[in-house]
file work.cif (mmCIF, C-alpha atoms and all ligand atoms)
data_final
loop_
_atom_site.label_atom_id
_atom_site.label_comp_id
_atom_site.auth_asym_id
_atom_site.auth_seq_id
_atom_site.Cartn_x
_atom_site.Cartn_y
_atom_site.Cartn_z
CA MET N 1 0.00 0.00 0.00
CA THR N 2 1.20 3.56 -0.73
CA PRO N 3 2.11 5.30 2.52
CA ALA N 4 0.04 8.38 3.43
CA PRO N 5 1.54 11.48 1.76
CA ASN N 6 3.37 13.99 3.94
CA VAL N 7 1.44 17.22 3.52
CA TYR N 8 3.40 19.22 6.10
CA ASP N 9 6.92 19.48 4.71
CA ALA N 10 7.75 22.54 2.60
CA GLU N 11 9.68 22.44 -0.69
CA PRO N 12 13.47 22.76 -0.53
CA ILE N 13 14.70 26.36 -0.78
CA PRO N 14 16.09 27.04 -4.30
CA GLU N 15 19.82 26.47 -4.72
CA ALA N 16 20.30 30.14 -5.66
CA ALA N 17 19.48 31.17 -2.09
CA ARG N 18 22.37 29.14 -0.66
CA ALA N 19 25.20 31.15 -2.20
CA GLU N 20 23.63 34.41 -1.05
CA VAL N 21 23.00 33.07 2.47
CA GLU N 22 26.62 31.86 2.61
CA ARG N 23 27.85 35.29 1.51
CA LEU N 24 25.76 36.96 4.23
CA LEU N 25 27.03 34.53 6.85
CA GLN N 26 30.61 35.21 5.79
CA SER N 27 30.24 38.97 5.97
CA GLY N 28 27.86 39.02 8.94
CA ASP N 29 25.88 41.67 7.04
CA LEU N 30 22.39 40.68 8.22
CA PHE N 31 20.84 44.09 8.96
CA ARG N 32 18.97 45.73 6.12
CA TYR N 33 20.35 49.19 6.79
CA THR N 34 24.07 48.36 7.03
CA ALA N 35 24.90 48.34 3.31
CA PRO N 36 24.79 51.76 1.60
CA GLU N 37 22.47 50.36 -1.09
CA ASP N 38 21.10 47.20 -2.69
CA ALA N 39 20.80 45.23 0.56
CA PRO N 40 18.96 41.91 0.00
CA VAL N 41 15.85 43.36 1.68
CA SER N 42 15.87 46.39 -0.66
CA LEU N 43 16.30 44.18 -3.72
CA LEU N 44 13.42 42.01 -2.54
CA GLU N 45 11.19 45.08 -2.15
CA ARG N 46 12.11 46.21 -5.67
CA ASP N 47 11.44 42.76 -7.19
CA PHE N 48 8.20 42.23 -5.27
CA ALA N 49 6.78 45.64 -6.23
CA GLU N 50 7.67 44.98 -9.87
CA MET N 51 6.12 41.49 -9.81
CA MET N 52 2.88 42.81 -8.32
CA GLY N 53 2.75 45.95 -10.46
CA ALA N 54 2.66 48.05 -7.27
CA LYS N 55 4.44 51.38 -6.89
CA TYR N 56 5.84 50.66 -3.42
CA ALA N 57 6.68 47.64 -1.29
CA LEU N 58 7.91 47.41 2.31
CA ALA N 59 9.29 44.14 3.68
CA VAL N 60 8.59 43.50 7.36
CA ALA N 61 8.81 40.75 9.97
CA SER N 62 5.40 39.15 9.27
CA CYS N 63 2.05 39.70 7.62
CA SER N 64 0.71 40.56 11.07
CA ALA N 65 3.27 43.37 11.26
CA ALA N 66 2.23 44.51 7.76
CA LEU N 67 -1.45 44.61 8.80
CA PHE N 68 -0.58 46.50 12.00
CA LEU N 69 1.53 49.05 10.09
CA SER N 70 -1.22 49.45 7.47
CA LEU N 71 -3.71 50.47 10.14
CA LYS N 72 -1.13 52.77 11.75
CA ALA N 73 -0.17 54.29 8.37
CA LEU N 74 -3.84 55.15 7.78
CA ASP N 75 -3.64 57.28 10.93
CA LEU N 76 -6.95 55.99 12.29
CA PRO N 77 -8.20 57.52 15.55
CA ARG N 78 -7.74 55.46 18.72
CA GLY N 79 -10.67 53.06 19.05
CA ALA N 80 -11.45 53.19 15.30
CA ARG N 81 -13.86 50.46 14.21
CA VAL N 82 -12.45 48.10 11.56
CA LEU N 83 -14.67 45.62 9.70
CA ILE N 84 -13.12 42.17 9.32
CA PRO N 85 -14.59 38.83 8.25
CA ALA N 86 -15.44 36.47 11.13
CA PHE N 87 -13.65 33.62 9.34
CA THR N 88 -9.95 34.38 9.52
CA PHE N 89 -6.83 33.64 11.56
CA ALA N 90 -6.58 35.12 15.09
CA ALA N 91 -3.58 37.19 13.92
CA VAL N 92 -5.98 39.47 12.01
CA PRO N 93 -8.20 40.70 14.90
CA SER N 94 -4.96 40.73 16.93
CA ALA N 95 -3.33 43.20 14.50
CA VAL N 96 -6.44 45.39 14.78
CA VAL N 97 -6.31 45.36 18.58
CA HIS N 98 -2.54 45.99 18.48
CA ALA N 99 -3.21 49.12 16.39
CA ASP N 100 -5.60 50.41 19.13
CA CYS N 101 -8.63 49.73 16.92
CA GLN N 102 -11.78 47.71 17.53
CA PRO N 103 -12.54 44.78 15.20
CA VAL N 104 -16.16 44.43 14.04
CA LEU N 105 -16.89 40.94 12.72
CA VAL N 106 -18.89 40.29 9.55
CA GLU N 107 -20.71 37.04 8.83
CA VAL N 108 -19.12 34.59 6.41
CA ALA N 109 -21.21 32.25 4.28
CA GLU N 110 -21.02 28.51 3.67
CA ASN N 111 -18.72 29.18 0.70
CA TYR N 112 -16.13 30.82 3.05
CA ARG N 113 -16.78 34.25 1.54
CA ILE N 114 -18.09 37.39 3.21
CA ASP N 115 -21.89 37.60 3.47
CA MET N 116 -22.46 40.78 1.50
CA ALA N 117 -25.83 41.60 3.11
CA ASP N 118 -24.21 41.58 6.55
CA PHE N 119 -21.21 43.53 5.23
CA GLU N 120 -23.46 46.22 3.79
CA ALA N 121 -25.53 46.40 6.97
CA LYS N 122 -22.44 46.75 9.19
CA LEU N 123 -20.60 49.24 6.95
CA ASP N 124 -22.27 52.23 8.61
CA ASP N 125 -20.98 55.67 9.67
CA THR N 126 -19.16 54.17 12.66
CA ILE N 127 -16.73 52.17 10.47
CA ASP N 128 -13.32 53.76 9.80
CA ALA N 129 -11.61 51.02 7.76
CA VAL N 130 -12.26 47.65 6.16
CA LEU N 131 -9.74 44.82 6.44
CA ILE N 132 -10.60 42.02 4.01
CA SER N 133 -8.92 38.79 4.98
CA HIS N 134 -8.85 36.42 2.00
CA MET N 135 -8.90 33.43 4.36
CA ARG N 136 -7.22 30.31 2.91
CA GLY N 137 -7.04 32.31 -0.33
CA HIS N 138 -10.83 32.45 -0.78
CA THR N 139 -11.75 35.76 -2.39
CA SER N 140 -14.96 37.51 -1.38
CA ASP N 141 -16.92 39.71 -3.81
CA MET N 142 -14.26 42.43 -4.15
CA ASP N 143 -16.32 44.35 -6.75
CA ALA N 144 -19.14 44.87 -4.28
CA ILE N 145 -16.81 45.44 -1.30
CA LEU N 146 -14.75 48.13 -3.07
CA LYS N 147 -17.85 49.84 -4.42
CA LEU N 148 -19.53 50.01 -1.01
CA ALA N 149 -16.32 51.12 0.75
CA ASP N 150 -15.53 53.73 -1.94
CA ALA N 151 -19.02 55.16 -1.71
CA ARG N 152 -18.36 55.85 1.99
CA GLY N 153 -14.74 56.91 1.56
CA VAL N 154 -13.60 54.03 3.80
CA PRO N 155 -10.12 52.61 3.02
CA VAL N 156 -9.78 48.89 2.24
CA ILE N 157 -6.78 46.86 3.40
CA GLU N 158 -6.36 43.42 1.84
CA ASP N 159 -4.97 40.64 4.02
CA ALA N 160 -3.54 38.59 1.15
CA ALA N 161 -1.30 36.55 3.48
CA HIS N 162 -2.48 33.37 1.84
CA SER N 163 -3.41 34.76 -1.58
CA LEU N 164 -0.11 35.40 -3.33
CA GLY N 165 -0.80 34.47 -6.97
CA THR N 166 -4.60 34.71 -6.74
CA LEU N 167 -6.33 36.83 -9.41
CA TRP N 168 -9.64 38.72 -9.47
CA HIS N 169 -10.78 39.67 -13.00
CA GLY N 170 -7.14 38.91 -13.90
CA GLU N 171 -5.78 41.46 -11.39
CA LYS N 172 -3.51 40.45 -8.56
CA ILE N 173 -5.12 40.05 -5.16
CA GLY N 174 -3.57 42.54 -2.75
CA THR N 175 -3.49 45.29 -5.40
CA LEU N 176 -7.24 45.99 -5.38
CA GLY N 177 -7.55 47.90 -2.10
CA LYS N 178 -5.43 50.77 -0.76
CA ILE N 179 -2.88 48.43 0.85
CA GLY N 180 -2.11 44.73 0.36
CA CYS N 181 -0.30 42.53 2.89
CA TYR N 182 1.42 39.16 2.35
CA SER N 183 3.06 36.49 4.51
CA PHE N 184 6.23 34.44 4.00
CA GLN N 185 5.52 32.17 6.97
CA SER N 186 6.22 28.53 6.14
CA TYR N 187 2.62 27.51 5.34
CA LYS N 188 2.26 30.14 2.60
CA MET N 189 3.22 30.09 -1.09
CA VAL N 190 6.68 31.55 -0.43
CA ASN N 191 8.47 30.23 2.65
CA ALA N 192 11.07 32.05 4.73
CA GLY N 193 9.90 30.70 8.07
CA GLU N 194 8.72 34.22 8.88
CA GLY N 195 8.35 37.43 6.93
CA GLY N 196 5.81 39.81 5.46
CA MET N 197 5.29 42.45 2.78
CA LEU N 198 3.12 45.53 2.45
CA ILE N 199 2.35 47.09 -0.94
CA THR N 200 0.57 50.30 -1.88
CA ASP N 201 0.51 53.00 -4.56
CA ASP N 202 0.05 55.77 -1.99
CA PRO N 203 3.27 57.76 -1.38
CA ASP N 204 2.31 59.06 2.07
CA LEU N 205 1.14 55.68 3.30
CA ILE N 206 4.41 54.04 2.28
CA ALA N 207 6.51 56.86 3.76
CA ARG N 208 4.69 56.55 7.08
CA ALA N 209 4.88 52.74 7.06
CA ILE N 210 8.61 52.77 6.23
CA ILE N 211 9.43 55.08 9.13
CA MET N 212 7.24 53.19 11.60
CA SER N 213 8.69 49.83 10.50
CA GLY N 214 11.97 51.02 12.02
CA ALA N 215 13.78 53.28 9.50
CA TYR N 216 15.13 55.30 12.43
CA GLU N 217 17.18 58.49 11.97
CA HIS N 218 17.89 58.79 8.24
CA ASN N 219 17.68 55.13 7.24
CA TRP N 220 14.72 56.08 5.04
CA LYS N 221 17.33 57.40 2.60
CA LYS N 222 18.05 53.76 1.77
CA HIS N 223 14.52 53.33 0.39
CA PRO N 224 14.76 54.57 -3.21
CA VAL N 225 11.15 55.87 -3.17
CA VAL N 226 9.15 58.95 -2.12
CA GLN N 227 12.24 60.76 -0.80
CA ASP N 228 10.34 64.05 -0.72
CA ARG N 229 7.84 62.72 1.85
CA PHE N 230 10.05 61.42 4.63
CA GLY N 231 11.26 64.77 5.94
CA HIS N 232 7.70 65.65 6.85
CA TRP N 233 7.24 62.50 8.97
CA GLN N 234 10.74 62.31 10.50
CA ASN N 235 10.51 62.16 14.33
CA LYS N 236 6.72 62.53 14.25
CA LEU N 237 5.97 58.80 14.20
CA PRO N 238 6.82 55.98 16.61
CA LEU N 239 9.41 53.40 15.53
CA TYR N 240 7.93 49.92 15.93
CA ASN N 241 11.05 48.08 14.71
CA THR N 242 9.47 45.26 12.79
CA ARG N 243 11.98 45.01 9.95
CA LEU N 244 12.91 42.00 7.83
CA SER N 245 16.41 40.50 8.07
CA ASN N 246 18.70 40.15 5.04
CA LEU N 247 18.80 36.39 5.63
CA ALA N 248 15.03 36.07 5.18
CA ALA N 249 15.16 38.26 2.06
CA ALA N 250 17.88 36.04 0.58
CA VAL N 251 15.65 33.01 1.13
CA ILE N 252 12.56 34.70 -0.33
CA ARG N 253 13.96 36.35 -3.47
CA PRO N 254 14.78 33.25 -5.55
CA GLN N 255 11.39 31.75 -4.63
CA LEU N 256 9.55 34.51 -6.51
CA ALA N 257 10.53 32.82 -9.76
CA GLU N 258 8.98 29.56 -8.47
CA LEU N 259 5.63 31.20 -7.87
CA PRO N 260 4.03 30.63 -11.31
CA ARG N 261 4.77 26.89 -11.09
CA ARG N 262 3.52 26.61 -7.50
CA VAL N 263 0.34 28.48 -8.42
CA ARG N 264 -0.27 26.36 -11.52
CA ASP N 265 0.37 23.03 -9.77
CA GLY N 266 -1.46 24.05 -6.60
CA LEU N 267 -4.56 24.96 -8.59
CA ALA N 268 -4.43 21.79 -10.70
CA ASN N 269 -4.04 19.65 -7.55
CA HIS N 270 -6.85 21.45 -5.80
CA ASP N 271 -9.28 21.19 -8.69
CA TYR N 272 -8.45 17.51 -9.23
CA VAL N 273 -9.16 16.64 -5.58
CA ALA N 274 -12.23 18.94 -5.56
CA GLY N 275 -13.65 17.02 -8.54
CA LEU N 276 -13.23 13.72 -6.69
CA LEU N 277 -14.67 14.99 -3.40
CA ASN N 278 -17.69 16.53 -5.13
CA GLY N 279 -18.46 13.03 -6.44
CA SER N 280 -19.37 12.06 -2.87
CA ALA N 281 -22.86 12.87 -1.59
CA TRP N 282 -21.36 13.74 1.82
CA LEU N 283 -18.66 16.22 0.76
CA SER N 284 -18.90 19.55 -1.04
CA VAL N 285 -16.18 21.92 -2.25
CA PRO N 286 -17.69 25.38 -2.82
CA ASP N 287 -17.02 26.99 -6.22
CA PRO N 288 -14.97 30.19 -6.40
CA LEU N 289 -16.81 33.33 -7.46
CA PRO N 290 -16.60 33.73 -11.27
CA PRO N 291 -13.97 36.56 -11.37
CA GLU N 292 -11.54 34.59 -9.18
CA THR N 293 -8.55 32.49 -10.35
CA ARG N 294 -7.32 30.68 -7.27
CA ALA N 295 -3.78 29.87 -6.05
CA PRO N 296 -4.50 27.24 -3.39
CA ASP N 297 -2.07 25.19 -1.30
CA SER N 298 -4.82 23.56 0.75
CA ILE N 299 -8.41 22.46 0.25
CA GLN N 300 -11.54 23.34 2.23
CA PHE N 301 -14.80 21.44 1.93
CA ASN N 302 -18.08 21.11 3.82
CA LEU N 303 -19.56 17.99 5.37
CA VAL N 304 -23.05 17.55 3.89
CA GLY N 305 -25.92 15.98 5.86
CA PHE N 306 -23.83 15.56 9.02
CA ASP N 307 -26.50 16.47 11.59
CA THR N 308 -24.40 16.08 14.71
CA ASP N 309 -20.95 17.15 15.85
CA ALA N 310 -20.39 13.50 16.82
CA GLN N 311 -20.71 12.52 13.13
CA ALA N 312 -18.23 15.24 12.13
CA ARG N 313 -15.79 14.06 14.82
CA ALA N 314 -16.23 10.47 13.64
CA PHE N 315 -15.30 11.66 10.13
CA GLN N 316 -12.08 13.19 11.46
CA ASP N 317 -11.27 9.92 13.26
CA GLU N 318 -12.02 7.78 10.19
CA ALA N 319 -9.83 10.01 7.99
CA LYS N 320 -7.03 9.85 10.55
CA ALA N 321 -7.27 6.04 10.58
CA ARG N 322 -6.78 6.23 6.80
CA GLY N 323 -3.65 8.38 7.23
CA ILE N 324 -5.08 11.86 6.57
CA SER N 325 -5.43 14.61 9.18
CA VAL N 326 -8.52 16.74 8.67
CA GLN N 327 -9.34 19.72 10.79
CA VAL N 328 -12.96 20.75 11.20
CA PHE N 329 -12.34 24.41 12.04
CA GLY N 330 -14.95 24.70 14.79
CA LEU N 331 -14.41 21.33 16.44
CA SER N 332 -10.83 21.44 17.65
CA GLN N 333 -10.40 23.03 21.07
CA ASP N 334 -8.98 26.58 21.10
CA ASN N 335 -8.80 26.72 17.27
CA ALA N 336 -7.30 30.11 16.32
CA ARG N 337 -9.68 30.35 13.34
CA ALA N 338 -12.86 30.08 15.43
CA PHE N 339 -14.05 33.58 16.32
CA TRP N 340 -15.49 32.51 19.69
CA ASN N 341 -11.93 31.87 20.87
CA TRP N 342 -10.91 35.51 20.25
CA GLN N 343 -11.76 36.58 23.80
CA PHE N 344 -9.20 39.40 23.57
CA ILE N 345 -11.48 41.44 21.27
CA GLY N 346 -14.23 41.78 23.88
CA ASP N 347 -17.92 40.97 23.52
CA GLN N 348 -19.29 40.54 20.02
CA PRO N 349 -22.75 39.47 18.93
CA ASP N 350 -22.98 35.80 17.94
CA LEU N 351 -22.60 35.05 14.26
CA PRO N 352 -24.79 32.00 13.66
CA GLN N 353 -24.01 31.67 9.97
CA THR N 354 -20.24 31.69 10.41
CA ARG N 355 -20.52 29.44 13.46
CA ALA N 356 -22.56 26.84 11.53
CA MET N 357 -20.06 26.95 8.65
CA LEU N 358 -17.08 26.47 10.99
CA MET N 359 -18.72 23.41 12.59
CA ARG N 360 -18.82 21.57 9.25
CA ALA N 361 -15.97 23.12 7.21
CA CYS N 362 -12.88 20.94 6.85
CA ASP N 363 -9.29 21.88 6.13
CA VAL N 364 -6.64 19.67 4.51
CA ARG N 365 -3.22 20.84 3.35
CA LEU N 366 -2.48 20.19 -0.32
CA PRO N 367 1.01 21.45 -1.19
CA ALA N 368 1.81 22.01 -4.87
CA ARG N 369 4.52 19.31 -4.87
CA LEU N 370 2.02 16.41 -4.38
CA THR N 371 1.76 13.78 -7.13
CA ARG N 372 -1.39 12.31 -8.66
CA PRO N 373 -1.13 9.03 -6.67
CA GLU N 374 -0.77 11.09 -3.49
CA LEU N 375 -3.80 13.19 -4.41
CA ASP N 376 -5.78 10.01 -5.12
CA PHE N 377 -4.72 8.66 -1.72
CA ILE N 378 -6.00 11.80 0.01
CA ALA N 379 -9.31 11.88 -1.90
CA GLU N 380 -9.95 8.17 -1.32
CA ALA N 381 -9.23 8.52 2.40
CA LEU N 382 -11.65 11.45 2.72
CA ILE N 383 -14.42 9.86 0.67
CA GLY N 384 -13.91 6.53 2.45
CA ALA N 385 -14.11 8.25 5.84
CA ALA N 386 -17.33 10.09 4.93
CA THR N 387 -18.91 6.91 3.61
CA ALA N 388 -17.88 4.95 6.71
CA VAL N 389 -19.68 7.48 8.92
CA MET N 390 -22.77 8.23 6.82
CA ASP N 391 -23.35 5.05 4.87
CA PRO N 392 -21.55 2.23 6.66
CA PRO N 393 -21.60 -1.13 4.88
CA ARG N 394 -24.28 -3.25 6.56
CA ALA N 395 -23.38 -6.52 8.19
CA TYR N 396 -24.43 -9.49 6.07
CA GLY N 397 -27.99 -10.65 6.67
CA THR N 398 -29.26 -7.53 8.40
C1 LIG L 401 -0.85 33.34 7.84
C2 LIG L 401 -1.93 34.35 7.84
C3 LIG L 401 -1.79 35.55 8.56
C4 LIG L 401 -0.61 35.85 9.44
O1 LIG L 401 0.60 35.88 8.75
P1 LIG L 401 1.97 35.98 9.60
O2 LIG L 401 3.01 36.26 8.56
O3 LIG L 401 2.18 34.65 10.25
O4 LIG L 401 1.81 37.08 10.59
C5 LIG L 401 -2.81 36.49 8.47
N1 LIG L 401 -3.90 36.25 7.72
C6 LIG L 401 -4.08 35.11 7.04
C7 LIG L 401 -5.30 34.93 6.19
C8 LIG L 401 -3.10 34.12 7.08
O5 LIG L 401 -3.27 32.98 6.38
#
call {"tool": "encode", "arguments": {"input": "work.cif", "output": "structure tokens"}}
result
Amino acid sequence: MTPAPNVYDAEPIPEAARAEVERLLQSGDLFRYTAPEDAPVSLLERDFAEMMGAKYALAVASCSAALFLSLKALDLPRGARVLIPAFTFAAVPSAVVHADCQPVLVEVAENYRIDMADFEAKLDDTIDAVLISHMRGHTSDMDAILKLADARGVPVIEDAAHSLGTLWHGEKIGTLGKIGCYSFQSYKMVNAGEGGMLITDDPDLIARAIIMSGAYEHNWKKHPVVQDRFGHWQNKLPLYNTRLSNLAAAVIRPQLAELPRRVRDGLANHDYVAGLLNGSAWLSVPDPLPPETRAPDSIQFNLVGFDTDAQARAFQDEAKARGISVQVFGLSQDNARAFWNWQFIGDQPDLPQTRAMLMRACDVRLPARLTRPELDFIAEALIGAATAVMDPPRAYGT
């Protein structure tokens, strides 16, 4: 029998990174502001902005840091109310709280996308910013979101941590709103262990973000952008020191060239497994919205007709017995993607729609490097587990 595929290991880092890492280790030049110019972090910012077609990019320690700096760069008043989807990672409401703002949660539908009726109802005069988290790379209706936010003059930040390579009407996710933020944590499309990026076309936003990221004294002179803006902000903004190290940049840069392959293979793998799972009466993979071209490295699906949590737990156990770990978002204790565990944001009204979705939505990693036999193994394990719970073979004679 084929052994269960390992879905946790990342791909090896491209060979090209090794020489650069070795050079940095030799020289000890790990700080982005030591070299007079062309430090690995600066070159990464240049390449990333060019790849995304954005005017400006700022590399930082994590996507969480990028989200925090985005809110700070917008100069929102203390206590500002920020709309976020209720289905996201705890780091997102955490970044909002860290920026002295108050998250306001919006319902998310069975297809993992923002419920637009609830979004429209909650986008009232009390909302100062919108932070759209494209959770697991699922894109909500950005046309409607941008239109509603524009009509009210409310800025939109895109949390594209897990959406690098995703398109909406052919445009890159993270370039649609005022600011886009990405992650280079190991479970994302580009892996440096940790790291993040912020992009924008707004010269004042980038100037403010650069200074607050830790371009203390005149280190902003090493950012070859918006030089005329920095003088105005010098010494007027706090320095949060959340910079990226040259080592991380050296690991990230050569992976940018791998992105088209990872996106292509990840999507093909996802759609292949989705086709198989949708053949089961008990499993359903929601379709993307028509304008979206996905870049997935995992698959999410709903359990259909599972009336009790016990049945959903039994499905997890049956899949595990077949070698595949499935997470039902709402069923594991203290899950960081279940909004009821975000006690640090204070009281929020219950969100029955999102809650119901989280109790039946499953998550399985599906890295781009998997082979067809491995994908078949995963699909068979999941379908077999669902069948074992919902339609167990009857004992002979009964
Ligand atoms: C991973 C992730 C984050 C956090 O990224 P870090 O770089 O680990 O801070 C935020 N939002 C989403 C949707 C993510 O997937």
call {"tool": "atom_distance", "arguments": {"input": "work.cif", "atom1": "atom CA of N:Trp233", "atom2": "atom CA of N:Asn219"}}
result
12.9 Å
call {"tool": "closest_atom_pairs", "arguments": {"input": "work.cif", "of": "stretch 235-287 of chain N", "to": "stretch 38-46 of chain N", "cutoff": "12 Å", "atoms": "only C-alpha atoms", "output": "JSON lines"}}
result
{"residue": "N:Arg243", "atom": "CA", "partner": "N:Val41", "partner_atom": "CA", "distance": 9.3}
{"residue": "N:Leu244", "atom": "CA", "partner": "N:Val41", "partner_atom": "CA", "distance": 7.0}
{"residue": "N:Ser245", "atom": "CA", "partner": "N:Val41", "partner_atom": "CA", "distance": 7.0}
{"residue": "N:Asn246", "atom": "CA", "partner": "N:Pro40", "partner_atom": "CA", "distance": 5.3}
{"residue": "N:Leu247", "atom": "CA", "partner": "N:Pro40", "partner_atom": "CA", "distance": 7.9}
{"residue": "N:Ala248", "atom": "CA", "partner": "N:Val41", "partner_atom": "CA", "distance": 8.1}
{"residue": "N:Ala249", "atom": "CA", "partner": "N:Val41", "partner_atom": "CA", "distance": 5.2}
{"residue": "N:Ala250", "atom": "CA", "partner": "N:Pro40", "partner_atom": "CA", "distance": 6.0}
{"residue": "N:Val251", "atom": "CA", "partner": "N:Pro40", "partner_atom": "CA", "distance": 9.6}
{"residue": "N:Ile252", "atom": "CA", "partner": "N:Leu44", "partner_atom": "CA", "distance": 7.7}
{"residue": "N:Arg253", "atom": "CA", "partner": "N:Leu44", "partner_atom": "CA", "distance": 5.8}
{"residue": "N:Pro254", "atom": "CA", "partner": "N:Leu44", "partner_atom": "CA", "distance": 9.4}
{"residue": "N:Gln255", "atom": "CA", "partner": "N:Leu44", "partner_atom": "CA", "distance": 10.7}
{"residue": "N:Leu256", "atom": "CA", "partner": "N:Leu44", "partner_atom": "CA", "distance": 9.3}
call {"tool": "residues_near_point", "arguments": {"input": "work.cif", "point": "(11.1, 63.0, 16.5)", "cutoff": "12 Å", "atoms": "all atoms listed in the file", "output": "PyMOL selection string"}}
result
chain N and resi 211-212+216-218+231-239
call {"tool": "closest_residue", "arguments": {"input": "work.cif", "among": "N:Phe377, N:Pro5, N:Lys222, N:Ala192", "to": "N:Thr34", "atoms": "all atoms listed in the file"}}
result
N:Lys222
call {"tool": "atom_distance", "arguments": {"input": "work.cif", "atom1": "atom CA of N:His98", "atom2": "atom CA of N:Thr139"}}
result
25.0 Å
call {"tool": "axis_aligned_box", "arguments": {"input": "work.cif", "around": "stretch 126-142 of chain N", "padding_each_side": "3 Å", "output": "JSON"}}
result
{"center_x": -13.1, "center_y": 42.2, "center_z": 4.3, "size_x": 18.1, "size_y": 29.9, "size_z": 22.8}
call {"tool": "atom_distance", "arguments": {"input": "work.cif", "atom1": "atom CA of N:Pro3", "atom2": "atom CA of N:Asp317"}}
result
17.8 Å
call {"tool": "residues_around", "arguments": {"input": "work.cif", "residues": "stretch 8-12 of chain N", "least_positions_apart": "5", "cutoff": "8 Å", "atoms": "all atoms listed in the file", "output": "ChimeraX atom specification"}}
result
/N:186-187,191,365,367,369
call {"tool": "residues_near_ligand", "arguments": {"input": "work.cif", "ligand": "ligand LIG 401 (chain L)", "cutoff": "7 Å", "atoms": "only C-alpha atoms and all ligand atoms", "output": "PyMOL selection string"}}
result
chain N and resi 62-65+88-89+91-92+133-136+159-162+183-185+188+194-196
